[in-house]
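Peer 1: Below is one structure. I have some questions about it.
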Amino acid sequence: MNPATPTVFGIVITGINSALLAVLAAIWLRNYREFGSTLLLGLLGFSAVLLVENLVSIAFFFSSMRTLYAMDPLVGRVVLGMRVLELLAVSLLTYATVK
């Protein structure tokens, strides 16, 4: 398996995660403004922190992580697996929130 393949898939999945988190943040911000619930404020904070983590992750995918994946392809597959799990979790949360 090409070591760059997990990196490319990781970048794409992290981009999708970031887009879904931005949608969640927008919905929760709108709802917080309307209802003022501290639960919504907590969800907004959660989405903001996870969005920052994803954006930092994309930066690492383009820089130092590429070298790490080249040295050990297993690392790339593990990180890709974690990104897929995050995508599943964020997708389920987005689906429940939009409904």
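Starting from 1 in every chain, residues are counted up; chains themselves are A, B, ... following the order of the structure tokens, and ligands are numbered from 1 as listed.
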Compile the contact shell of Arg30 of chain A as a list in words: residues with an atom at most 10 Å away, counting only C-alpha atoms, same-chain residues fewer than 5 positions apart removed.
Peer 2: Leu24, Ala25, Phe35, Gly36, Leu40 and Leu44 of chain A
Peer 1: Compile the contact shell of segment 4-13 of chain A as a PyMOL selection string: residues with an atom at most 7 Å away, counting only C-alpha atoms, same-chain residues fewer than 6 positions apart removed.
Peer 2: chain A and resi 58+61+66+76-77+80+83-84+87
Peer 1: Any chance you could export the current selection's N, CA and C atoms as an mmCIF file, in the first residue's frame?
Peer 2:
```cif
data_model
loop_
_atom_site.group_PDB
_atom_site.id
_atom_site.type_symbol
_atom_site.label_atom_id
_atom_site.label_comp_id
_atom_site.auth_asym_id
_atom_site.auth_seq_id
_atom_site.Cartn_x
_atom_site.Cartn_y
_atom_site.Cartn_z
ATOM 1 N N ILE A 58 -5.228 18.792 9.856
ATOM 2 C CA ILE A 58 -4.985 18.982 8.422
ATOM 3 C C ILE A 58 -3.612 19.611 8.201
ATOM 4 N N PHE A 61 -1.123 16.912 8.567
ATOM 5 C CA PHE A 61 -1.135 16.013 7.413
ATOM 6 C C PHE A 61 -0.255 16.571 6.299
ATOM 7 N N ARG A 66 3.455 13.552 7.191
ATOM 8 C CA ARG A 66 3.760 12.850 5.944
ATOM 9 C C ARG A 66 5.057 12.052 6.087
ATOM 10 N N GLY A 76 -0.060 5.577 9.556
ATOM 11 C CA GLY A 76 -1.027 6.194 8.650
ATOM 12 C C GLY A 76 -2.364 5.483 8.671
ATOM 13 N N ARG A 77 -2.329 4.156 8.701
ATOM 14 C CA ARG A 77 -3.577 3.388 8.730
ATOM 15 C C ARG A 77 -4.312 3.568 10.060
ATOM 16 N N LEU A 80 -5.832 7.040 10.046
ATOM 17 C CA LEU A 80 -6.979 7.006 9.134
ATOM 18 C C LEU A 80 -8.170 6.322 9.803
ATOM 19 N N ARG A 83 -9.754 8.689 12.193
ATOM 20 C CA ARG A 83 -10.518 9.720 11.476
ATOM 21 C C ARG A 83 -11.847 9.169 10.982
ATOM 22 N N VAL A 84 -11.859 7.904 10.553
ATOM 23 C CA VAL A 84 -13.107 7.283 10.097
ATOM 24 C C VAL A 84 -14.074 7.137 11.270
ATOM 25 N N LEU A 87 -15.485 10.463 11.925
ATOM 26 C CA LEU A 87 -16.480 10.775 10.900
ATOM 27 C C LEU A 87 -17.810 10.106 11.224
#
```
Peer 1: What gap, in Å, lies between atom CA of Ser18 of chain A and atom CA of Thr38 of chain A?
Peer 2: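 That distance, rounded to one decimal, is 23.2 Å.
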Peer 1: When you look at Ser47 of chain A with a cut-off of 12 Å (counting only C-alpha atoms), what residues show up, excluding the ones that are within fewer than 4 positions of it in the same chain? I need them as a VMD selection string.
Peer 2: chain A and resid 17 to 29 40 to 43 51 to 54 90 93 to 94
Peer 1: Write out the residues from the selection above, keeping N, CA and C atoms, as a short mmCIF file (atom, residue, chain, number, x, y, z; two decimals), in the first residue's frame.
Peer 2:
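Written out: out-v8.cif:
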```cif
data_model
loop_
_atom_site.label_atom_id
_atom_site.label_comp_id
_atom_site.auth_asym_id
_atom_site.auth_seq_id
_atom_site.Cartn_x
_atom_site.Cartn_y
_atom_site.Cartn_z
N ASN A 17 -15.11 16.01 8.18
CA ASN A 17 -15.39 16.20 9.60
C ASN A 17 -15.49 17.69 9.93
N SER A 18 -14.57 18.47 9.40
CA SER A 18 -14.56 19.91 9.67
C SER A 18 -15.83 20.58 9.14
N ALA A 19 -16.26 20.19 7.96
CA ALA A 19 -17.48 20.76 7.39
C ALA A 19 -18.70 20.40 8.24
N LEU A 20 -18.79 19.14 8.67
CA LEU A 20 -19.91 18.73 9.51
C LEU A 20 -19.90 19.46 10.86
N LEU A 21 -18.70 19.64 11.43
CA LEU A 21 -18.60 20.36 12.69
C LEU A 21 -18.99 21.83 12.54
N ALA A 22 -18.67 22.42 11.39
CA ALA A 22 -19.08 23.80 11.15
C ALA A 22 -20.60 23.90 11.05
N VAL A 23 -21.24 22.92 10.43
CA VAL A 23 -22.70 22.89 10.36
C VAL A 23 -23.29 22.76 11.76
N LEU A 24 -22.74 21.84 12.55
CA LEU A 24 -23.22 21.67 13.92
C LEU A 24 -23.06 22.96 14.72
N ALA A 25 -21.90 23.60 14.61
CA ALA A 25 -21.65 24.84 15.36
C ALA A 25 -22.66 25.91 14.96
N ALA A 26 -22.95 26.02 13.69
CA ALA A 26 -23.92 27.03 13.23
C ALA A 26 -25.31 26.75 13.78
N ILE A 27 -25.72 25.50 13.77
CA ILE A 27 -27.05 25.15 14.28
C ILE A 27 -27.12 25.40 15.79
N TRP A 28 -26.09 24.95 16.50
CA TRP A 28 -26.09 25.11 17.96
C TRP A 28 -25.98 26.58 18.36
N LEU A 29 -25.25 27.38 17.60
CA LEU A 29 -25.16 28.81 17.90
C LEU A 29 -26.52 29.48 17.70
N LEU A 40 -26.68 23.81 25.11
CA LEU A 40 -26.31 24.24 23.76
C LEU A 40 -24.97 24.96 23.75
N LEU A 41 -24.71 25.73 24.80
CA LEU A 41 -23.41 26.40 24.91
C LEU A 41 -22.29 25.37 25.04
N GLY A 42 -22.54 24.32 25.80
CA GLY A 42 -21.57 23.23 25.92
C GLY A 42 -21.34 22.52 24.60
N LEU A 43 -22.42 22.26 23.87
CA LEU A 43 -22.29 21.62 22.55
C LEU A 43 -21.54 22.51 21.57
N LEU A 51 -13.43 21.21 16.06
CA LEU A 51 -13.13 21.83 14.77
C LEU A 51 -11.68 22.33 14.73
N VAL A 52 -11.24 22.96 15.80
CA VAL A 52 -9.84 23.41 15.87
C VAL A 52 -8.90 22.21 15.78
N GLU A 53 -9.23 21.12 16.48
CA GLU A 53 -8.40 19.91 16.43
C GLU A 53 -8.30 19.38 15.01
N ASN A 54 -9.41 19.41 14.28
CA ASN A 54 -9.41 18.92 12.90
C ASN A 54 -8.58 19.83 11.99
N VAL A 90 -19.36 12.05 14.27
CA VAL A 90 -19.83 13.40 13.90
C VAL A 90 -21.01 13.31 12.94
N LEU A 93 -24.06 12.52 15.04
CA LEU A 93 -24.44 13.71 15.79
C LEU A 93 -25.08 14.75 14.88
N THR A 94 -24.55 14.92 13.68
CA THR A 94 -25.12 15.86 12.72
C THR A 94 -26.52 15.41 12.31
#
```
Peer 1: How many Å lie between atom CA of Ser63 of chain A and atom CA of Val75 of chain A, rounded to one decimal?
Peer 2: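 Those two atoms sit 15.0 Å apart.
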